[in-house]
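K.L.:
Take a look at this one; I'll ask things after.
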There are 2 protein chains.
Amino acid sequence: MSLLVVGSVALDTVETPFGKAADALGGSALFFSVAASLFCPVKLVGVVGEDYPLEQLDFLRERGVDLSGLERRPGESFHWAGSYSYDLNTRETLETRLGVFAEFEPDVPEKFRDAEFVFLGNIDPTQQYAVLDQVRAPRLIGCDTMNYWIERTRTELLRTLERVDILFVNDSEARQLAGDYNLTRAARWIQERGPRFVVVKKGEHGAALFARDWVFFAPGYPLEEVFDPTGAGDAFAGGFLGYLSWVGSEEPEELRRAMIYGSVLGSYAVEAFSIDRFRNLDANEVAERAREFRDMTAFEIALQRAPDA
Amino acid sequence: MSLLVVGSVALDTVETPFGKAADALGGSALFFSVAASLFCPVKLVGVVGEDYPLEQLDFLRERGVDLSGLERRPGESFHWAGSYSYDLNTRETLETRLGVFAEFEPDVPEKFRDAEFVFLGNIDPTQQYAVLDQVRAPRLIGCDTMNYWIERTRTELLRTLERVDILFVNDSEARQLAGDYNLTRAARWIQERGPRFVVVKKGEHGAALFARDWVFFAPGYPLEEVFDPTGAGDAFAGGFLGYLSWVGSEEPEELRRAMIYGSVLGSYAVEAFSIDRFRNLDANEVAERAREFRDMTAFEIALQRAPDA
């Protein structure tokens, strides 16, 4: 199966209580790709300016990420700067310079248009919609968004969601989008507007997958040191859709495993600045952490011994 | 196995966005007992005043709760009044009248002193300690506490914890007690002070059991209507220790199941005011919801198909 991602390719300056990284590789499409490419080839569509250190993306190419849809334009790349509080639960944006990303109108190369799995990273919903007009017969469409778009382009976002199969949001975004504090009801609300599946990411509290008639929960991986949360959500989506694309199935059993691989890849994202943790990450480590997730959640109910007191 | 609980027996006045209950049955020992008694007989030690409607506790007796350790004293019962915000995540205490509970010095009846499983409900740590001096050879001691005791009687609480096997706390209490925002490190800190096991309750986000060398996560049951969260933590502890006491084991596999039964009983607590949801709850419903928990978390990792891209 072929997997297409459209999203930001940025340079991030991040301060956490543990240190600082300046102008490091970042952006939703990049975090998605480093995670997904552990499972399958990835086709990336994005834009960077003249200042982007493209040579630093060579290791992505070696991992099977096709960067021929990464446009280079006159001007500055997307720069984001932020800092995290000590508890790493609140993030302050210090600076956003959109640069060439402000005028980003994704142009999906002809050879990418037969992609079967598509991930619409966190960009303007109108541009997400335009991407869907360019891919011919996608089998499964995943989509991310954020409070900025929910507040400013609600109508356009809802129009895009009508065509989306899986929405990836964090818990506060789900609540904001549906206008309902209760997450279960919020997920139903979203499902009534298009997405068959809603994946709610809850940081240290894990993630929930709401299908029409079932739900699946994955815990947060219990890290003693959370180094830099930037990109964890995109790495989650990359692990999730990378795995599904690799197995070529969206059966419930595979979606459950996709939740685990998403959680695994998301957990690696926070262990280092930028995409650094993914540079030498291999399939054995991923499989080992997936087994840890199983050990952290598996139990047997002895049906014949149900309490009868 | 015999299970002893020492804690409050109160009259609660609760306002939620869904309604109001005045002077309804409440208190940690009561919520614990209605849950635990689904699995095994329970021996309760507590105190009430002359105003307590003891006849309303008859259904507990029928369920196998021995109330002969429930003292009745001249004066008023413990009254608590609180209201929940619309999101049910913040609770405001409107009134606390301790009444006879202020002078509560648990006197464990002779016939209860051989209890093998003990739950110290959320009371003064000095009184919790005094209970442990009265039971002869407890096999497993569970303990609850709250921010009030952590702030005011820290030394006494730490002294009690030295003798405790399982501490039940919510996430903010774990962080406050350990002085560490990271829950995994906070649990380690607590374990170094006595408890072999730390159960961290996280409301809608589920619960985590930290053992010395493993961890287990149970999700929150996805309720579309959370009616009244009062007592959910005590019902969780009741389901947890009731199950363990019933099977008479603290093997890891049983502790994992105990986490699920705790989650099941906690989820029932919030579905109605007071202990009302437990009045007609039977073992079949409990077993059915435990199976739902399994369906919400179980997955298989196909080891031979680990990604090798």
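Naming works like this for the structure tokens: A, B, ... for the chains as they're shown, residue 1 at the start of each chain, ligands 1 onward in shown order.
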Find the residues of chain B in contact range of chain A, meaning any atom within 9 Å when counting only C-alpha atoms, and list them as an NGL selection string.
P.N.:
:B and (37-41 or 63-64 or 86-87 or 181-185 or 202 or 205-206 or 214-220 or 222-226 or 243 or 246 or 253-254 or 256-257 or 260 or 282-284 or 286-287 or 290-291 or 294-301 or 303 or 306-309)
K.L.:
According to DSSP computed on the backbone, where in region 70-191 of chain A is there alpha helix (DSSP H)? Give the residues as a PyMOL selection string.
P.N.:
chain A and resi 125-134+147-152+154-161+171-178+183-191
K.L.:
Can you list every residue in region 208-282 of chain A that DSSP puts in strand (DSSP E or B), as an NGL selection string?
P.N.:
:A and (208-210 or 215-218)
K.L.:
Grab the residues selected above and save them as a PDB file, in the first residue's frame with N, CA, C and O atoms.
P.N.:
```pdb
ATOM      1  N   ALA A 208      -7.510   7.069  22.870  1.00  0.00           N
ATOM      2  CA  ALA A 208      -8.741   6.294  22.708  1.00  0.00           C
ATOM      3  C   ALA A 208      -9.139   6.292  21.248  1.00  0.00           C
ATOM      4  O   ALA A 208      -9.036   7.311  20.571  1.00  0.00           O
ATOM      5  N   LEU A 209      -9.560   5.131  20.761  1.00  0.00           N
ATOM      6  CA  LEU A 209     -10.086   5.021  19.399  1.00  0.00           C
ATOM      7  C   LEU A 209     -11.582   4.747  19.494  1.00  0.00           C
ATOM      8  O   LEU A 209     -12.005   3.716  20.032  1.00  0.00           O
ATOM      9  N   PHE A 210     -12.380   5.682  19.003  1.00  0.00           N
ATOM     10  CA  PHE A 210     -13.827   5.498  18.977  1.00  0.00           C
ATOM     11  C   PHE A 210     -14.250   5.059  17.587  1.00  0.00           C
ATOM     12  O   PHE A 210     -14.093   5.807  16.616  1.00  0.00           O
ATOM     13  N   VAL A 215     -14.909   0.673  21.151  1.00  0.00           N
ATOM     14  CA  VAL A 215     -13.911   1.650  21.548  1.00  0.00           C
ATOM     15  C   VAL A 215     -12.689   0.893  22.048  1.00  0.00           C
ATOM     16  O   VAL A 215     -12.812  -0.232  22.557  1.00  0.00           O
ATOM     17  N   PHE A 216     -11.520   1.472  21.843  1.00  0.00           N
ATOM     18  CA  PHE A 216     -10.274   0.832  22.268  1.00  0.00           C
ATOM     19  C   PHE A 216      -9.399   1.867  22.959  1.00  0.00           C
ATOM     20  O   PHE A 216      -9.287   3.001  22.500  1.00  0.00           O
ATOM     21  N   PHE A 217      -8.788   1.463  24.066  1.00  0.00           N
ATOM     22  CA  PHE A 217      -7.930   2.375  24.810  1.00  0.00           C
ATOM     23  C   PHE A 217      -6.491   1.860  24.841  1.00  0.00           C
ATOM     24  O   PHE A 217      -6.263   0.675  25.087  1.00  0.00           O
ATOM     25  N   ALA A 218      -5.554   2.760  24.631  1.00  0.00           N
ATOM     26  CA  ALA A 218      -4.132   2.456  24.825  1.00  0.00           C
ATOM     27  C   ALA A 218      -3.625   3.388  25.918  1.00  0.00           C
ATOM     28  O   ALA A 218      -3.949   4.573  25.913  1.00  0.00           O
TER      29      ALA A 218
END
```
K.L.:
Under the rule that only C-alpha atoms are counted, which of B:Leu67, B:Asp213, B:Leu94, B:Gly46 is the nearest residue to Asn122 (chain B)?
P.N.:
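Among B:Leu67, B:Asp213, B:Leu94, B:Gly46, it is B:Gly46 that comes nearest to Asn122 (chain B).
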K.L.:
Counting only C-alpha atoms, which residue out of B:Ser8, B:Ser267, B:Gln191, B:Ser2 sits closest to Arg113 (chain B)?
P.N.:
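Checking each of B:Ser8, B:Ser267, B:Gln191, B:Ser2 against Arg113 (chain B), counting only C-alpha atoms, the winner is B:Ser2.
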K.L.:
Which distance in Å separates CA of Arg136 (chain A) and CA of Glu156 (chain A), to one decimal?
P.N.:
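About the pair CA of Arg136 (chain A) and CA of Glu156 (chain A): they are 21.0 Å apart.
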K.L.:
I'd like the contact shell of region 51-60 of chain A - 8 Å cut-off, only C-alpha atoms, skipping same-chain residues fewer than 5 positions apart - returned as an NGL selection string.
P.N.:
:A and (11 or 33-34 or 65 or 75-77 or 279)
K.L.:
What does the file look like for those residues with C-alpha atoms, as a short mmCIF file (atom, residue, chain, number, x, y, z; two decimals), in the first residue's frame?
P.N.:
```cif
data_model
loop_
_atom_site.label_atom_id
_atom_site.label_comp_id
_atom_site.auth_asym_id
_atom_site.auth_seq_id
_atom_site.Cartn_x
_atom_site.Cartn_y
_atom_site.Cartn_z
CA LEU A 11 12.45 24.43 11.79
CA SER A 33 7.24 10.43 8.07
CA VAL A 34 10.01 9.38 10.47
CA VAL A 65 10.54 8.67 2.27
CA GLY A 75 11.71 32.91 1.02
CA GLU A 76 12.03 31.65 4.53
CA SER A 77 10.97 28.26 5.88
CA ARG A 279 17.44 8.35 13.71
#
```
K.L.:
What's the separation between CA of Val42 (chain B) and CA of Arg196 (chain B), in Å to one decimal place?
P.N.:
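If I compute the distance from CA of Val42 (chain B) to CA of Arg196 (chain B), I get 23.5 Å.
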K.L.:
Could you give me, as JSON lines, a per-residue list for region 114-193 of chain A showing, wherever an atom lies at most 12 Å from an atom of region 14-32 of chain A, the closest pair of atoms and their distance in Å to one decimal, using only C-alpha atoms and sorting by chain then residue number from low to high?
P.N.:
```
{"residue": "A:Val118", "atom": "CA", "partner": "A:Phe32", "partner_atom": "CA", "distance": 11.4}
{"residue": "A:Phe119", "atom": "CA", "partner": "A:Phe32", "partner_atom": "CA", "distance": 8.7}
{"residue": "A:Leu120", "atom": "CA", "partner": "A:Ala29", "partner_atom": "CA", "distance": 8.8}
{"residue": "A:Gly121", "atom": "CA", "partner": "A:Ser28", "partner_atom": "CA", "distance": 5.9}
{"residue": "A:Asn122", "atom": "CA", "partner": "A:Ser28", "partner_atom": "CA", "distance": 6.8}
{"residue": "A:Ile123", "atom": "CA", "partner": "A:Ser28", "partner_atom": "CA", "distance": 9.0}
{"residue": "A:Gly142", "atom": "CA", "partner": "A:Phe32", "partner_atom": "CA", "distance": 11.7}
{"residue": "A:Cys143", "atom": "CA", "partner": "A:Ser28", "partner_atom": "CA", "distance": 11.3}
{"residue": "A:Asp144", "atom": "CA", "partner": "A:Ser28", "partner_atom": "CA", "distance": 9.3}
{"residue": "A:Thr145", "atom": "CA", "partner": "A:Ser28", "partner_atom": "CA", "distance": 10.6}
{"residue": "A:Met146", "atom": "CA", "partner": "A:Ser28", "partner_atom": "CA", "distance": 11.8}
```
K.L.:
For all heavy atoms, I'd like the residues from the last selection saved as a short mmCIF file (atom, residue, chain, number, x, y, z; two decimals), in the first residue's frame.
P.N.:
```cif
data_model
loop_
_atom_site.label_atom_id
_atom_site.label_comp_id
_atom_site.auth_asym_id
_atom_site.auth_seq_id
_atom_site.Cartn_x
_atom_site.Cartn_y
_atom_site.Cartn_z
N VAL A 118 -3.85 8.17 3.05
CA VAL A 118 -3.52 9.59 3.02
C VAL A 118 -3.59 10.17 4.42
O VAL A 118 -4.54 9.89 5.17
CB VAL A 118 -4.52 10.36 2.11
CG1 VAL A 118 -4.22 11.86 2.12
CG2 VAL A 118 -4.50 9.81 0.68
N PHE A 119 -2.58 10.96 4.79
CA PHE A 119 -2.66 11.69 6.05
C PHE A 119 -2.58 13.18 5.78
O PHE A 119 -1.60 13.68 5.21
CB PHE A 119 -1.53 11.29 7.01
CG PHE A 119 -1.59 12.03 8.32
CD1 PHE A 119 -2.66 11.84 9.20
CD2 PHE A 119 -0.59 12.92 8.70
CE1 PHE A 119 -2.72 12.52 10.41
CE2 PHE A 119 -0.65 13.60 9.92
CZ PHE A 119 -1.72 13.39 10.78
N LEU A 120 -3.64 13.88 6.18
CA LEU A 120 -3.69 15.33 6.06
C LEU A 120 -3.19 15.92 7.37
O LEU A 120 -3.90 15.92 8.39
CB LEU A 120 -5.13 15.79 5.80
CG LEU A 120 -5.83 15.14 4.59
CD1 LEU A 120 -7.32 15.47 4.59
CD2 LEU A 120 -5.16 15.62 3.30
N GLY A 121 -1.94 16.39 7.37
CA GLY A 121 -1.38 16.99 8.58
C GLY A 121 -2.14 18.26 8.93
O GLY A 121 -3.04 18.72 8.20
N ASN A 122 -1.75 18.84 10.05
CA ASN A 122 -2.43 19.99 10.62
C ASN A 122 -2.18 21.26 9.82
O ASN A 122 -1.31 22.06 10.16
CB ASN A 122 -1.93 20.12 12.06
CG ASN A 122 -2.39 21.38 12.73
OD1 ASN A 122 -3.44 21.92 12.39
ND2 ASN A 122 -1.58 21.85 13.66
N ILE A 123 -2.94 21.43 8.72
CA ILE A 123 -2.84 22.65 7.90
C ILE A 123 -4.25 23.19 7.67
O ILE A 123 -5.24 22.60 8.14
CB ILE A 123 -2.15 22.37 6.53
CG1 ILE A 123 -2.97 21.35 5.72
CG2 ILE A 123 -0.72 21.88 6.73
CD1 ILE A 123 -2.45 21.13 4.29
N GLY A 142 -6.76 9.88 6.79
CA GLY A 142 -6.60 10.37 8.15
C GLY A 142 -6.38 11.87 8.13
O GLY A 142 -5.88 12.42 7.15
N CYS A 143 -6.78 12.53 9.20
CA CYS A 143 -6.72 13.99 9.24
C CYS A 143 -6.42 14.46 10.65
O CYS A 143 -6.96 13.93 11.62
CB CYS A 143 -8.07 14.54 8.77
SG CYS A 143 -8.21 16.33 8.79
N ASP A 144 -5.57 15.46 10.76
CA ASP A 144 -5.29 16.10 12.04
C ASP A 144 -5.79 17.53 11.95
O ASP A 144 -5.99 18.07 10.86
CB ASP A 144 -3.77 16.09 12.28
CG ASP A 144 -3.40 16.51 13.70
OD1 ASP A 144 -4.30 16.65 14.55
OD2 ASP A 144 -2.20 16.71 13.94
N THR A 145 -6.01 18.17 13.08
CA THR A 145 -6.34 19.60 13.08
C THR A 145 -5.95 20.16 14.43
O THR A 145 -5.34 19.47 15.25
CB THR A 145 -7.83 19.85 12.75
OG1 THR A 145 -8.02 21.24 12.51
CG2 THR A 145 -8.74 19.40 13.88
N MET A 146 -6.29 21.43 14.70
CA MET A 146 -5.95 22.02 15.99
C MET A 146 -6.92 23.14 16.33
O MET A 146 -7.74 23.55 15.49
CB MET A 146 -4.50 22.55 15.98
CG MET A 146 -4.32 23.79 15.12
SD MET A 146 -2.59 24.34 15.01
CE MET A 146 -2.30 24.91 16.69
#
```
